[in-house]
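Here's the structure we're looking at; comments come further down.
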Amino acid sequence: MQTSLDDLLFFVTLVDEGSLTKAAKKLNIAKSKVSRHLAQLEQAVGNPLLMRTTRKQTLTESGELLYQASKPHIDALYQVEEDVSSLINEPKGQLNILLPLEFFNQIMSSLIAEFVRLYPKITLNCAHYSGPLPQDNHKFDITFVLHEAQLPESNWVAKTLLSFPQSIYASLEFDASAINNPEDLIEQHCILSHSQEQWLFREGDKLQAVPVKARAIFSSPEMRQQATIRNLGLTKLPNYTCQLDCKMQRLTLSKQPLAQQLSVLYQSRDIPLKTRVFLDFFQDNIGRLEIN
């Protein structure tokens, strides 16, 4: 037996509505089209499915068997259609977000709590990664990246949101009198974020890369800060990490370290509504991250 999904859909609707007129109205099509699909289905089955009179319609034995077998599947398709429509028209579902380690944890926690209250049908799943760049993981709808150099090419759509000025920091007891230029850092012990790190400095349109020596490597900005406070070496940090009661000194050099960029990655320009409303919400509140 070869039947089309449309034939089964029209048949189940015809039975549920009780007449050709009501089924046609439900499906928003002409009665003749419903009748034609019923005839096609009966021909494919090889048996009549409905006994129709001017006043009522009655299922034949074949019709009853086909209706009982088809009804759950047609209902499931209607439900899928409704679910897809609601995803398009109403923000809902699970939203997976990947964040850098120790990324404005207090501020982000506050923002996420507000977002969840605004959109109770969205379930947020937030995870963190360490290291300079995240793995290319399509499990996540949105990935936030902190970077200095241009991001490597990928299939993700990238949008830069903010830049954060950076400085070189030392402990309060460190004698920085002999360090005036970026190249003066080459022989110093430094606290790095990863083993291949170079410190980039900008002068106009030119960049200078300084190969610094690692005394210790910590992916955590907080751990790099604590190691520097204890005079284990110099470190490079965004200025927002050293605002109040810094307990470190900021070195003044002839060139400024390259600013840190905050970019957001998502999988396609045609993004689901749940993703779009989060991006819009984040951008509307991004000013909370702009710390001088």
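Chain identifiers are assigned as A, B, and so on, following the order in which chains appear in the structure tokens; residues are numbered from 1 within each chain, and ligands are numbered from 1 in order of appearance.
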
- Message: Env of stretch 60-64 of chain A: 9 Å cut, atoms = only C-alpha atoms, seq-sep filter 2 positions within chain, self excluded. Answer as a PyMOL selection string.
- Response: chain A and resi 42+45+47-51+58+66-69

- Task: Report as a VMD selection string: the residues of stretch 38-276 of chain A with a DSSP assignment of strand (DSSP E), based on the backbone of this structure.
- Result: chain A and resid 50 to 52 57 to 59 93 to 100 122 to 129 142 to 147 157 to 164 166 to 171 189 to 192 199 to 203 206 to 210 213 to 217 234 to 238 248 to 250 256 to 257 260 to 266

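The list of residues with at least one atom within 7 Å of stretch 179-183 of chain A, based on only C-alpha atoms and without residues fewer than 2 positions apart in the same chain, reads Ala176, Ser177, Leu185, Ile186, Val210, Thr252, Leu253, Ser254 and Lys255 of chain A.
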
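Here the DSSP assignment of helix (DSSP H, G or I), based on backbone atoms, applies within stretch 130-197 of chain A to Pro182, Glu183, Asp184 and Leu185 of chain A.
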
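Considering the residues A:Ser220, A:Asn155, A:Gln40, A:Gln226 and counting only C-alpha atoms, A:Ala170 has its shortest atom-to-atom contact with A:Gln226.
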